[in-house]
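Report on the following structure.
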Amino acid sequence: MSKLLDPRNWASWRPFGIGLRKPNNYLELWKAFKSVKGNRRYAWRILNQGTCDGCALGTQGMRDWTMDEIHLCNIRLRLLPLNTMPALKYKALKDVSGLHGKKSAELRELGRLPYPMIRRAGEAGFTRVSWDEALDVAARHLREARFGVYLTSRGVPNENYFAAQKAVRAMGSNNVDNAARICHSPSTVALKETIGAAATTCSYTDWIGSDLIVFIGSNPSNNQPVAMKYLYHAKKAGTRIAMVNAYREPGMDRYWVPSNAESAVFGTKITDEFFGVNVGGDIGFLNGVLKHLIEKGWVDEEFVRSRTKGFDEVRQAVAAQSWESLEALSGSTRAEMLRMAELLGRARSAVLVWSMGITQHAFGEDNVRSIVNLALARGFVGRDNCGLMPIRGHSGVQGGAEMGAYATGLPGGLPINPPNATKFTDMWGFEVPSSPGLTATEMIDAAHAGELDVLISSGGNFLEVLPDPAYCREALSRLKLRVHVDIVLSSQMLVPSAGDVLLLPAQTRYEMVGGVTETSTERRIIFSPEVEGPRIGEAWPEWKIFTELAARVRPEISGKITYTGTPDIREDIERAVPFYAGIAGLRVFGDNVQYGGRHLFADGRFQTADGLAAFSPVTPPSPERPDGSFMVATRRGKQFNSMVHERRDGFNGAMREAVLMSAYDADRLGLPDGAPVELTALSSLGDRQRTYRGKVLRAPLMPGNLQIHWPEGNVLLDESRRSPDAKIPDYNALVTVKQL
């Protein structure tokens with residue numbers, strides 16, 4: 001990798017991109033400094049001694065394992081106030097009527113939740129109670145109740161996930177789910193089917209020096225900004241970068257890496273080749289690329305013959321798919337598909353990266369299967385600079401499912417069935433249910449239908465995360481008990497309920513005695529120690545909240561549920577999840593272990609029953625575009641998960657109410673920038689009409705497609721549209737556009 005300046009990769013000759021639209025990373029540093037006033041020493045210790053609780057790249061302090069350079073991103077800086085802010089004045093919650101209508105950012109800024117609190121049915125607000133009283137109330141409701149538990153990925157460590165899922169199963173249910181369900185569950189399903197492991201097969205070091213990196217429905221410049229430094233070094237090493245997306249993301253065209261002198265001054269051209277596809281058209285495009293690879297003889301026949309199965313069926317399937325149908329679905333052309341096939345065919349190595357632009361569809365599993373087919377056809381698995389990477393957006397997503405906090409999976413990702421339930425029954429000493437539980441979306445459905453009594457939500461906000469907020473609000477209001485475990489206030493806590501509502505204050509990962517671990521995108525289990533600093537009221541670690549609650553519900557087995565601390569939990573994890581071997585020995589800052597090593601399947605065998613990877617014949621979905629309609633996708637702006645940090649996106653200038661539209665469509669409809677429009681979803685729920693009002697912003701978007709911000713755009717989404725296996729919601733909708 002060259003250390004010399006390389007003007008060929010420069011984004012601009014203007015120093016620091018002066019006058020160009022781009023985020024001001026140095027202003028972000030100043031904002032972070034101001035936001036932690038009064039706790040700056042503690043914030044500095046978190047940055048230097050803690051494992052990042054933002055995206056799942058997994059930096060330790062401000063370093064990582066990909067390069068020996070300082071590594072810090074805006075997402076982590078923006079999360080600092082949550083970890084350092086003082087407690088809210090709990091008496092202000094005595095009457096919450098004045099808080100209704102406030103934005104989530106305003107609620108968070110009130111401060112940390114310091115004490116257990118309860119709002120009884122019909123009361124105006126919350127009153128403080130002791131932990132004993134709060135747990136007794138919850139336990140009394142939970143006995144014999146129909147209940148569900150949801151855990152967000154908000155900085156939640158492996159120890160919390162593992163203890164929580166074990167506690168739920170001790171209480172007699174598999175109704176436990178986490179944020180991985182609405183992020184990468186289609187990846188989990190498809191990867192297990194095809195290669196036997198629901199994880200990234202490579203490491204970030206494989207980006208640097210690879211011939212090609214392909215981003216499909218993924219935008220790390222917004223969602224994993226630390227990764228942009230890896231791409232800078234990959235470009236220096238000669239790697240070409242391609243992007244398959246409906247929108248040519250400005251941050252993926254050019255990016256200014258603030259901690260690298262060359263990139264900070266001149267910026268870096270990131271994407272070399274862009275391939276525009278319709279929202280929902282990925283299968284049409286990817287199958288067309290595979291069709292070309294086969295017809296041109298660019299398939300790695302030796303790899304396919306010796307390490308895979310099912311290729312003949314896939315060959316026949318794509319041969320039967322006409323170019324006209326693939327073009328109609330994808331919005332691309334046969335020539336563009338050939339151009340992508342040539343890039344893959346000439347590359348000796350490649351990494352295929354995807355995210356929620358691929359997974360959050362009613363056919364998300366097939367989207368992922370189509371990507372896997374391409375990688376297997378070229379043999380891009382199990383060796384240097386190659387791999388399949390479902391890049392994670394949150395530090396808790398990978399570990400959440402592997403710890404078993406999943407309605408359809410036990411620890412280690414084992415499917416829920418009688419033999420596996422018996423295995424954990426014998427291991428833990430209490431009966432583990434043998435049939436799958438309710439997923440997150442099914443819990444809301446059950447609550448709405450009056451078929452769920454209690455919902456425990458650790459972090460998260462269903463009103464912002466799931467489709468159709470009105471439907472979610474109705475569901476939350478019908479429960480006999482809601483228990484919200486969190487560090488700050490959220491809007492879903494304020495929804496009046498038919499029963500009691502409990503608020504239980506949680507600790508951050510940096511406050512937990514004994515330290516905790518997280519699992520990064522590249523399968524690295526990283527220790528994060530307790531960081532010295534102020535502590536908030538009576539906040540407990542979540543692992544303790546769940547296990548103490550289960551012990552009260554089932555006192556006869558309390559000794560089999562509770563722990564002495566996080567080291568005790570890590571020992572239990574190592575017993576339950578064999579491929580997490582080494583987690584029990586992680587004790588000090590910097591300790592880590594990467595399960596599977598740099599590459600999975602480096603020995604040539606996959607984690608399937610016969611050791612072979614499986615190709616999947618994928619039938620493209622039928623285009624659903626009546627004349628005059630648009631497919632709208634929900635996008636992220638300046639935010640982390642549903643936590644919006646700025647109303648304006650520094651990359652494209654879009655305000656939160658922006659309706660991104662191609663110049664072609666805007667001209668055709670006579671809509672200038674700023675024109676107010678109303679989007680109306682073509683499908684409806686009963687008598688409810690779903691509409692969204694915003695303002696047009698022209699953008700490099702495929703004609704016939706729109707983008708609006710998430711979670712604001714969730715009002716358009718049909719909550720009943722989900723993928724068949726993973727049951728992930730579809731975060732896209734067919735709409736009409738009317739100028740106001």
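For the structure tokens, the naming scheme is as follows: chains receive sequential letters (A, B, ...) according to their order of presentation, residues are indexed from 1 within each chain, and ligands are indexed from 1 in presentation order.
Excluding Val696 of chain A itself and same-chain residues fewer than 2 positions from it, the residues having an atom within 8 Å of it are A:Ala658, A:Val659, A:Leu660, A:Met661, A:Ala666, A:Leu671, A:Pro672, A:Asp673, A:Gly674, A:Ala675, A:Pro676, A:Val677, A:Gly694, A:Arg698, counting only C-alpha atoms.
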Q: Write out as a VMD selection string which residues come within 9 Å of Cys202 of chain A when counting only C-alpha atoms, dropping same-chain ones fewer than 6 positions away.
A: chain A and resid 351 381 to 389 522 to 523 597 to 600
**Q.** Distance query segment 236-252 of chain A at most 6 Å, only C-alpha atoms, self and fewer than 2 positions along chain excluded, as a VMD selection string
**A.** chain A and resid 1 209 to 217 221 233 to 234 254 to 255 270 to 279 651 700 to 702
Q | Contact residues around Leu438 of chain A with only C-alpha atoms at 12 Å, ignoring same-chain residues under 5 positions, as a VMD selection string | A | chain A and resid 146 to 150 173 to 178 181 405 to 409 443 to 447 451 to 452 455 726 to 727
Give me, as a CSV table (one decimal) with all heavy atoms, in the first residue's frame, the residues of segment 528-737 of chain A that a backbone DSSP run labels helix (DSSP H, G or I).
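The resulting file, result18.csv, is shown below:
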chain,number,residue,atom,x,y,z
A,542,GLU,N,-28.6,-4.4,32.8
A,542,GLU,CA,-29.8,-5.1,32.3
A,542,GLU,C,-29.8,-6.6,32.5
A,542,GLU,O,-30.8,-7.3,32.7
A,542,GLU,CB,-30.0,-4.9,30.8
A,542,GLU,CG,-30.6,-3.5,30.5
A,542,GLU,CD,-30.3,-3.0,29.1
A,542,GLU,OE1,-29.2,-2.6,28.8
A,542,GLU,OE2,-31.3,-3.0,28.3
A,543,TRP,N,-28.6,-7.2,32.6
A,543,TRP,CA,-28.5,-8.7,32.9
A,543,TRP,C,-29.1,-8.9,34.3
A,543,TRP,O,-29.8,-9.9,34.5
A,543,TRP,CB,-27.1,-9.2,32.8
A,543,TRP,CG,-26.1,-8.6,33.8
A,543,TRP,CD1,-25.2,-7.6,33.6
A,543,TRP,CD2,-25.9,-9.0,35.1
A,543,TRP,NE1,-24.5,-7.3,34.7
A,543,TRP,CE2,-24.9,-8.2,35.7
A,543,TRP,CE3,-26.4,-10.0,35.9
A,543,TRP,CZ2,-24.4,-8.4,37.0
A,543,TRP,CZ3,-26.0,-10.2,37.2
A,543,TRP,CH2,-25.0,-9.4,37.7
A,544,LYS,N,-28.9,-8.0,35.2
A,544,LYS,CA,-29.4,-8.2,36.5
A,544,LYS,C,-30.9,-8.0,36.6
A,544,LYS,O,-31.6,-8.7,37.3
A,544,LYS,CB,-28.7,-7.2,37.5
A,544,LYS,CG,-29.1,-7.4,39.0
A,544,LYS,CD,-28.3,-6.4,39.9
A,544,LYS,CE,-28.8,-6.6,41.3
A,544,LYS,NZ,-28.1,-5.6,42.2
A,545,ILE,N,-31.4,-7.0,35.9
A,545,ILE,CA,-32.8,-6.7,35.8
A,545,ILE,C,-33.6,-8.0,35.4
A,545,ILE,O,-34.6,-8.4,36.0
A,545,ILE,CB,-33.2,-5.5,34.9
A,545,ILE,CG1,-32.5,-4.2,35.5
A,545,ILE,CG2,-34.7,-5.4,34.7
A,545,ILE,CD1,-32.6,-3.1,34.5
A,546,PHE,N,-33.2,-8.6,34.3
A,546,PHE,CA,-33.9,-9.7,33.8
A,546,PHE,C,-33.7,-11.0,34.6
A,546,PHE,O,-34.7,-11.7,34.8
A,546,PHE,CB,-33.4,-10.0,32.3
A,546,PHE,CG,-34.0,-9.1,31.3
A,546,PHE,CD1,-33.2,-8.0,30.8
A,546,PHE,CD2,-35.3,-9.3,30.8
A,546,PHE,CE1,-33.8,-7.2,29.9
A,546,PHE,CE2,-35.8,-8.4,29.9
A,546,PHE,CZ,-35.1,-7.4,29.4
A,547,THR,N,-32.6,-11.2,35.1
A,547,THR,CA,-32.4,-12.4,36.0
A,547,THR,C,-33.1,-12.3,37.3
A,547,THR,O,-33.7,-13.3,37.8
A,547,THR,CB,-30.9,-12.8,36.1
A,547,THR,OG1,-30.2,-11.6,36.7
A,547,THR,CG2,-30.3,-13.1,34.8
A,548,GLU,N,-33.1,-11.1,37.9
A,548,GLU,CA,-33.8,-10.9,39.2
A,548,GLU,C,-35.3,-11.0,39.0
A,548,GLU,O,-36.0,-11.6,39.8
A,548,GLU,CB,-33.4,-9.6,39.8
A,548,GLU,CG,-32.0,-9.5,40.3
A,548,GLU,CD,-31.7,-10.4,41.5
A,548,GLU,OE1,-32.7,-10.7,42.3
A,548,GLU,OE2,-30.6,-10.9,41.7
A,549,LEU,N,-35.8,-10.5,37.9
A,549,LEU,CA,-37.2,-10.6,37.6
A,549,LEU,C,-37.6,-12.1,37.4
A,549,LEU,O,-38.6,-12.6,38.0
A,549,LEU,CB,-37.5,-9.9,36.3
A,549,LEU,CG,-39.0,-9.9,35.8
A,549,LEU,CD1,-39.9,-9.4,36.9
A,549,LEU,CD2,-39.2,-9.0,34.6
A,550,ALA,N,-36.8,-12.9,36.6
A,550,ALA,CA,-37.1,-14.3,36.4
A,550,ALA,C,-37.0,-15.1,37.8
A,550,ALA,O,-37.8,-16.0,38.0
A,550,ALA,CB,-36.1,-14.9,35.4
A,551,ALA,N,-36.1,-14.7,38.6
A,551,ALA,CA,-36.0,-15.3,39.9
A,551,ALA,C,-37.2,-15.1,40.8
A,551,ALA,O,-37.6,-16.0,41.6
A,551,ALA,CB,-34.7,-14.9,40.6
A,552,ARG,N,-37.9,-14.0,40.6
A,552,ARG,CA,-39.1,-13.7,41.4
A,552,ARG,C,-40.3,-14.4,40.8
A,552,ARG,O,-41.2,-14.8,41.5
A,552,ARG,CB,-39.4,-12.2,41.5
A,552,ARG,CG,-38.3,-11.5,42.3
A,552,ARG,CD,-38.6,-10.1,42.6
A,552,ARG,NE,-37.5,-9.4,43.2
A,552,ARG,CZ,-37.6,-8.6,44.3
A,552,ARG,NH1,-38.8,-8.3,44.8
A,552,ARG,NH2,-36.5,-8.1,44.8
A,553,VAL,N,-40.3,-14.5,39.5
A,553,VAL,CA,-41.4,-15.3,38.8
A,553,VAL,C,-41.3,-16.8,39.2
A,553,VAL,O,-42.3,-17.4,39.4
A,553,VAL,CB,-41.3,-15.1,37.3
A,553,VAL,CG1,-42.4,-15.9,36.6
A,553,VAL,CG2,-41.6,-13.6,37.0
A,555,PRO,N,-39.1,-18.6,41.8
A,555,PRO,CA,-38.2,-18.7,42.9
A,555,PRO,C,-37.6,-20.0,43.1
A,555,PRO,O,-36.5,-20.2,43.6
A,555,PRO,CB,-39.0,-18.2,44.1
A,555,PRO,CG,-40.4,-18.4,43.7
A,555,PRO,CD,-40.5,-18.1,42.3
A,556,GLU,N,-38.3,-21.1,42.7
A,556,GLU,CA,-37.8,-22.4,42.9
A,556,GLU,C,-36.6,-22.8,42.1
A,556,GLU,O,-35.8,-23.7,42.4
A,556,GLU,CB,-38.9,-23.5,42.6
A,556,GLU,CG,-39.3,-23.6,41.1
A,556,GLU,CD,-40.3,-22.6,40.6
A,556,GLU,OE1,-40.5,-21.6,41.3
A,556,GLU,OE2,-40.8,-22.7,39.5
A,557,ILE,N,-36.3,-22.0,41.0
A,557,ILE,CA,-35.1,-22.2,40.2
A,557,ILE,C,-34.2,-21.0,40.2
A,557,ILE,O,-33.4,-20.9,39.3
A,557,ILE,CB,-35.5,-22.7,38.8
A,557,ILE,CG1,-36.3,-21.6,38.1
A,557,ILE,CG2,-36.2,-24.0,38.7
A,557,ILE,CD1,-36.4,-21.8,36.6
A,558,SER,N,-34.4,-20.1,41.1
A,558,SER,CA,-33.6,-18.9,41.1
A,558,SER,C,-32.1,-19.1,41.1
A,558,SER,O,-31.4,-18.3,40.4
A,558,SER,CB,-34.0,-18.0,42.3
A,558,SER,OG,-33.7,-18.7,43.5
A,559,GLY,N,-31.6,-20.1,41.7
A,559,GLY,CA,-30.2,-20.4,41.7
A,559,GLY,C,-29.6,-20.8,40.4
A,559,GLY,O,-28.4,-20.7,40.1
A,560,LYS,N,-30.5,-21.2,39.5
A,560,LYS,CA,-30.1,-21.6,38.1
A,560,LYS,C,-30.2,-20.4,37.1
A,560,LYS,O,-29.8,-20.6,35.9
A,560,LYS,CB,-30.9,-22.8,37.6
A,560,LYS,CG,-30.8,-24.0,38.5
A,560,LYS,CD,-31.7,-25.1,38.2
A,560,LYS,CE,-31.6,-26.3,39.1
A,560,LYS,NZ,-32.5,-27.4,38.8
A,566,THR,N,-20.6,-10.2,35.5
A,566,THR,CA,-20.4,-10.5,34.1
A,566,THR,C,-19.4,-11.6,33.8
A,566,THR,O,-19.5,-12.3,32.8
A,566,THR,CB,-20.1,-9.2,33.3
A,566,THR,OG1,-18.9,-8.6,33.9
A,566,THR,CG2,-21.3,-8.2,33.3
A,567,PRO,N,-18.3,-11.7,34.6
A,567,PRO,CA,-17.4,-12.8,34.3
A,567,PRO,C,-18.1,-14.2,34.4
A,567,PRO,O,-17.8,-15.1,33.7
A,567,PRO,CB,-16.4,-12.7,35.4
A,567,PRO,CG,-16.4,-11.2,35.8
A,567,PRO,CD,-17.8,-10.8,35.6
A,568,ASP,N,-19.1,-14.3,35.3
A,568,ASP,CA,-19.9,-15.5,35.5
A,568,ASP,C,-20.7,-15.7,34.2
A,568,ASP,O,-20.9,-16.9,33.8
A,568,ASP,CB,-20.8,-15.3,36.7
A,568,ASP,CG,-21.4,-16.6,37.2
A,568,ASP,OD1,-21.0,-17.7,36.7
A,568,ASP,OD2,-22.4,-16.6,37.9
A,569,ILE,N,-21.3,-14.7,33.7
A,569,ILE,CA,-22.1,-14.8,32.4
A,569,ILE,C,-21.2,-15.3,31.3
A,569,ILE,O,-21.6,-16.1,30.5
A,569,ILE,CB,-22.8,-13.5,32.1
A,569,ILE,CG1,-23.7,-13.0,33.2
A,569,ILE,CG2,-23.6,-13.6,30.8
A,569,ILE,CD1,-24.3,-11.6,33.0
A,570,ARG,N,-20.0,-14.7,31.2
A,570,ARG,CA,-19.1,-15.1,30.1
A,570,ARG,C,-18.7,-16.6,30.2
A,570,ARG,O,-18.6,-17.2,29.1
A,570,ARG,CB,-17.9,-14.2,30.1
A,570,ARG,CG,-18.2,-12.8,29.6
A,570,ARG,CD,-16.9,-12.0,29.3
A,570,ARG,NE,-16.2,-11.6,30.5
A,570,ARG,CZ,-16.6,-10.5,31.2
A,570,ARG,NH1,-17.6,-9.7,30.8
A,570,ARG,NH2,-15.9,-10.1,32.3
A,571,GLU,N,-18.6,-17.1,31.3
A,571,GLU,CA,-18.3,-18.5,31.5
A,571,GLU,C,-19.5,-19.4,31.0
A,571,GLU,O,-19.3,-20.4,30.3
A,571,GLU,CB,-18.0,-18.9,32.9
A,571,GLU,CG,-16.6,-18.3,33.4
A,571,GLU,CD,-16.3,-18.7,34.9
A,571,GLU,OE1,-17.2,-19.4,35.5
A,571,GLU,OE2,-15.3,-18.2,35.4
A,572,ASP,N,-20.7,-18.9,31.3
A,572,ASP,CA,-21.9,-19.6,30.8
A,572,ASP,C,-22.0,-19.5,29.3
A,572,ASP,O,-22.4,-20.5,28.7
A,572,ASP,CB,-23.1,-18.9,31.5
A,572,ASP,CG,-24.3,-19.9,31.6
A,572,ASP,OD1,-24.2,-21.1,31.2
A,572,ASP,OD2,-25.4,-19.5,32.0
A,573,ILE,N,-21.7,-18.3,28.7
A,573,ILE,CA,-21.7,-18.2,27.3
A,573,ILE,C,-20.8,-19.2,26.6
A,573,ILE,O,-21.1,-19.9,25.6
A,573,ILE,CB,-21.3,-16.8,26.9
A,573,ILE,CG1,-22.4,-15.8,27.3
A,573,ILE,CG2,-21.1,-16.7,25.3
A,573,ILE,CD1,-22.0,-14.3,27.1
A,574,GLU,N,-19.6,-19.3,27.2
A,574,GLU,CA,-18.6,-20.2,26.6
A,574,GLU,C,-19.1,-21.7,26.6
A,574,GLU,O,-18.8,-22.5,25.7
A,574,GLU,CB,-17.2,-20.1,27.3
A,574,GLU,CG,-16.1,-20.8,26.6
A,574,GLU,CD,-14.7,-20.3,26.9
A,574,GLU,OE1,-14.6,-19.1,26.9
A,574,GLU,OE2,-13.9,-21.1,27.2
A,575,ARG,N,-19.8,-22.1,27.7
A,575,ARG,CA,-20.4,-23.4,27.7
A,575,ARG,C,-21.5,-23.6,26.7
A,575,ARG,O,-21.6,-24.7,26.1
A,575,ARG,CB,-20.9,-23.7,29.1
A,575,ARG,CG,-19.9,-23.9,30.2
A,575,ARG,CD,-20.5,-24.4,31.5
A,575,ARG,NE,-21.3,-23.4,32.1
A,575,ARG,CZ,-20.9,-22.5,33.0
A,575,ARG,NH1,-19.6,-22.5,33.4
A,575,ARG,NH2,-21.7,-21.6,33.6
A,576,ALA,N,-22.3,-22.5,26.5
A,576,ALA,CA,-23.5,-22.7,25.7
A,576,ALA,C,-23.2,-22.5,24.2
A,576,ALA,O,-23.9,-23.0,23.3
A,576,ALA,CB,-24.5,-21.7,26.1
A,578,PRO,N,-20.2,-22.9,21.7
A,578,PRO,CA,-18.8,-23.4,21.6
A,578,PRO,C,-17.9,-22.6,20.7
A,578,PRO,O,-16.7,-22.4,21.0
A,578,PRO,CB,-19.0,-24.8,20.9
A,578,PRO,CG,-20.3,-25.3,21.4
A,578,PRO,CD,-21.2,-24.0,21.4
A,579,PHE,N,-18.4,-21.9,19.7
A,579,PHE,CA,-17.6,-21.1,18.8
A,579,PHE,C,-17.2,-19.8,19.4
A,579,PHE,O,-16.4,-19.0,18.9
A,579,PHE,CB,-18.2,-20.9,17.4
A,579,PHE,CG,-19.5,-20.3,17.3
A,579,PHE,CD1,-19.6,-18.9,17.3
A,579,PHE,CD2,-20.7,-21.0,17.2
A,579,PHE,CE1,-20.8,-18.3,17.2
A,579,PHE,CE2,-21.9,-20.4,17.1
A,579,PHE,CZ,-22.0,-19.0,17.1
A,580,TYR,N,-17.7,-19.5,20.6
A,580,TYR,CA,-17.3,-18.3,21.4
A,580,TYR,C,-16.2,-18.7,22.4
A,580,TYR,O,-16.0,-18.0,23.4
A,580,TYR,CB,-18.5,-17.7,22.2
A,580,TYR,CG,-19.2,-16.6,21.4
A,580,TYR,CD1,-19.7,-16.7,20.1
A,580,TYR,CD2,-19.3,-15.3,22.0
A,580,TYR,CE1,-20.3,-15.7,19.4
A,580,TYR,CE2,-19.9,-14.3,21.3
A,580,TYR,CZ,-20.4,-14.5,20.0
A,580,TYR,OH,-21.0,-13.4,19.4
A,583,ILE,N,-14.1,-16.4,25.2
A,583,ILE,CA,-14.8,-15.2,25.8
A,583,ILE,C,-14.6,-15.2,27.3
A,583,ILE,O,-14.5,-14.1,27.9
A,583,ILE,CB,-16.3,-15.2,25.4
A,583,ILE,CG1,-16.9,-13.9,25.8
A,583,ILE,CG2,-17.1,-16.4,26.0
A,583,ILE,CD1,-18.3,-13.7,25.3
A,584,ALA,N,-14.6,-16.3,28.0
A,584,ALA,CA,-14.5,-16.3,29.4
A,584,ALA,C,-13.1,-15.8,29.9
A,584,ALA,O,-13.0,-15.3,31.0
A,584,ALA,CB,-14.6,-17.7,30.0
A,585,GLY,N,-12.1,-15.7,29.0
A,585,GLY,CA,-10.8,-15.2,29.4
A,585,GLY,C,-10.6,-13.8,29.1
A,585,GLY,O,-9.5,-13.2,29.3
A,663,ALA,N,-34.3,14.1,-11.2
A,663,ALA,CA,-34.6,15.3,-12.0
A,663,ALA,C,-35.5,15.0,-13.1
A,663,ALA,O,-36.4,15.8,-13.5
A,663,ALA,CB,-33.3,15.8,-12.6
A,664,TYR,N,-35.4,13.8,-13.7
A,664,TYR,CA,-36.3,13.4,-14.8
A,664,TYR,C,-37.8,13.4,-14.3
A,664,TYR,O,-38.7,14.0,-15.0
A,664,TYR,CB,-36.0,12.0,-15.3
A,664,TYR,CG,-36.9,11.4,-16.3
A,664,TYR,CD1,-36.9,11.7,-17.6
A,664,TYR,CD2,-38.0,10.6,-15.8
A,664,TYR,CE1,-37.8,11.2,-18.5
A,664,TYR,CE2,-38.9,10.0,-16.7
A,664,TYR,CZ,-38.8,10.4,-18.1
A,664,TYR,OH,-39.7,9.8,-19.0
A,665,ASP,N,-38.1,12.8,-13.2
A,665,ASP,CA,-39.4,12.8,-12.7
A,665,ASP,C,-39.9,14.2,-12.2
A,665,ASP,O,-41.1,14.5,-12.5
A,665,ASP,CB,-39.5,11.8,-11.5
A,665,ASP,CG,-39.5,10.3,-11.9
A,665,ASP,OD1,-40.0,10.0,-13.0
A,665,ASP,OD2,-38.9,9.5,-11.2
A,666,ALA,N,-39.0,14.9,-11.6
A,666,ALA,CA,-39.4,16.3,-11.2
A,666,ALA,C,-39.8,17.1,-12.4
A,666,ALA,O,-40.8,17.9,-12.3
A,666,ALA,CB,-38.3,16.9,-10.4
A,667,ASP,N,-39.0,17.1,-13.4
A,667,ASP,CA,-39.3,17.9,-14.6
A,667,ASP,C,-40.6,17.4,-15.3
A,667,ASP,O,-41.4,18.2,-15.7
A,667,ASP,CB,-38.1,17.7,-15.6
A,667,ASP,CG,-36.9,18.5,-15.2
A,667,ASP,OD1,-37.0,19.4,-14.3
A,667,ASP,OD2,-35.8,18.2,-15.8
A,668,ARG,N,-40.8,16.1,-15.3
A,668,ARG,CA,-42.0,15.5,-15.9
A,668,ARG,C,-43.2,16.0,-15.2
A,668,ARG,O,-44.3,16.2,-15.9
A,668,ARG,CB,-41.8,14.0,-15.9
A,668,ARG,CG,-43.0,13.2,-16.6
A,668,ARG,CD,-42.7,11.7,-16.7
A,668,ARG,NE,-42.4,11.2,-15.4
A,668,ARG,CZ,-43.3,10.7,-14.5
A,668,ARG,NH1,-44.6,10.8,-14.8
A,668,ARG,NH2,-43.0,10.2,-13.4
A,669,LEU,N,-43.1,16.1,-13.9
A,669,LEU,CA,-44.3,16.5,-13.1
A,669,LEU,C,-44.3,18.0,-12.8
A,669,LEU,O,-45.3,18.5,-12.2
A,669,LEU,CB,-44.3,15.7,-11.8
A,669,LEU,CG,-44.4,14.2,-11.8
A,669,LEU,CD1,-44.2,13.6,-10.5
A,669,LEU,CD2,-45.7,13.8,-12.5
A,712,GLU,N,-39.6,9.0,9.9
A,712,GLU,CA,-40.7,9.8,9.6
A,712,GLU,C,-41.6,9.2,8.5
A,712,GLU,O,-42.8,9.3,8.6
A,712,GLU,CB,-40.3,11.2,9.1
A,712,GLU,CG,-39.6,12.1,10.1
A,712,GLU,CD,-38.1,11.8,10.2
A,712,GLU,OE1,-37.6,10.8,9.7
A,712,GLU,OE2,-37.4,12.7,10.7
A,713,GLY,N,-41.0,8.5,7.6
A,713,GLY,CA,-41.7,7.9,6.5
A,713,GLY,C,-42.5,6.6,6.8
A,713,GLY,O,-43.2,6.0,6.0
A,714,ASN,N,-42.3,6.1,8.0
A,714,ASN,CA,-43.0,4.8,8.4
A,714,ASN,C,-44.5,4.9,8.3
A,714,ASN,O,-45.1,3.9,8.3
A,714,ASN,CB,-42.5,4.4,9.8
A,714,ASN,CG,-41.1,3.9,9.9
A,714,ASN,OD1,-40.4,3.9,8.8
A,714,ASN,ND2,-40.6,3.6,11.0
A,715,VAL,N,-45.0,6.1,8.3
A,715,VAL,CA,-46.5,6.3,8.2
A,715,VAL,C,-47.0,5.7,6.9
A,715,VAL,O,-48.2,5.4,6.8
A,715,VAL,CB,-46.9,7.7,8.4
A,715,VAL,CG1,-46.6,8.2,9.8
A,715,VAL,CG2,-46.2,8.6,7.3
A,716,LEU,N,-46.2,5.6,5.9
A,716,LEU,CA,-46.6,5.0,4.6
A,716,LEU,C,-46.6,3.5,4.5
A,716,LEU,O,-47.1,2.9,3.6
A,716,LEU,CB,-45.8,5.6,3.5
A,716,LEU,CG,-45.9,7.1,3.1
A,716,LEU,CD1,-44.9,7.5,2.1
A,716,LEU,CD2,-47.3,7.3,2.6
Q. Can you list, as a list in words, every residue of segment 364-416 of chain A that DSSP puts in strand (DSSP E)?
A. Gly387, Leu388, Met389, Pro390, Gly409, Leu410, Leu414 and Pro415 of chain A
**Q.** For Ala470 of chain A, the nearest of the candidates A:Ala320, A:Leu717, A:Ile391, A:Val353, counting only C-alpha atoms
**A.** A:Leu717
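Among A:Pro620, A:Ser218, A:Arg112, A:Asp6, the residue with the shortest atom-to-atom distance to Trp323 of chain A, counting only C-alpha atoms, is A:Pro620.
The space between atom CA of Pro220 of chain A and atom CA of Asp649 of chain A spans 14.3 Å.
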Q | segment 21-35 of chain A surroundings by only C-alpha atoms, 10 Å radius, close-in-sequence under 5 positions cut, as a ChimeraX atom specification | A | /A:16,40,43-44,72-82,84-85,250-251,254-259,264,638,649-653
Q | Residues within 8 Å of segment 89-93 of chain A, only C-alpha atoms, excluding chain neighbours under 2 positions, as a PyMOL selection string | A | chain A and resi 87+95-96+110-111+113-115+125-128
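Distances here use only C-alpha atoms; by that measure, the residue among A:His448, A:Arg392, A:His184, A:Arg334 closest to Gly284 of chain A is A:Arg334.
With atom CA of Arg119 of chain A on one side and atom CA of Val483 of chain A on the other, the separation reads 10.5 Å.
In this comparison, which uses only C-alpha atoms, the residue of A:Gly58, A:Glu301, A:Ser97, A:Ser187 approaching Ala227 of chain A most closely is A:Gly58.
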Q.
Just want the 12 Å neighbourhood of Gly399 of chain A, counted on only C-alpha atoms, with same-chain residues fewer than 2 positions away dropped. Output as a PyMOL selection string.
A. chain A and resi 56+58+151-153+155-162+178-180+198-199+392+394-397+401-406+411-413+516-526+573+577+580+595
Q: Would you work out the distance separating atom CA of Phe311 of chain A from atom CA of Ser616 of chain A, expressed in Å to one decimal?
A: 7.9 Å
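Closest to Arg14 of chain A among A:Tyr563, A:Trp131, A:Phe266, A:Phe303 is A:Phe266, based on only C-alpha atoms.
Minimum atom-to-atom distance to Pro186 of chain A, evaluated using only C-alpha atoms, belongs to A:Ala362 out of A:Ala614, A:Ala633, A:Met117, A:Ala362.
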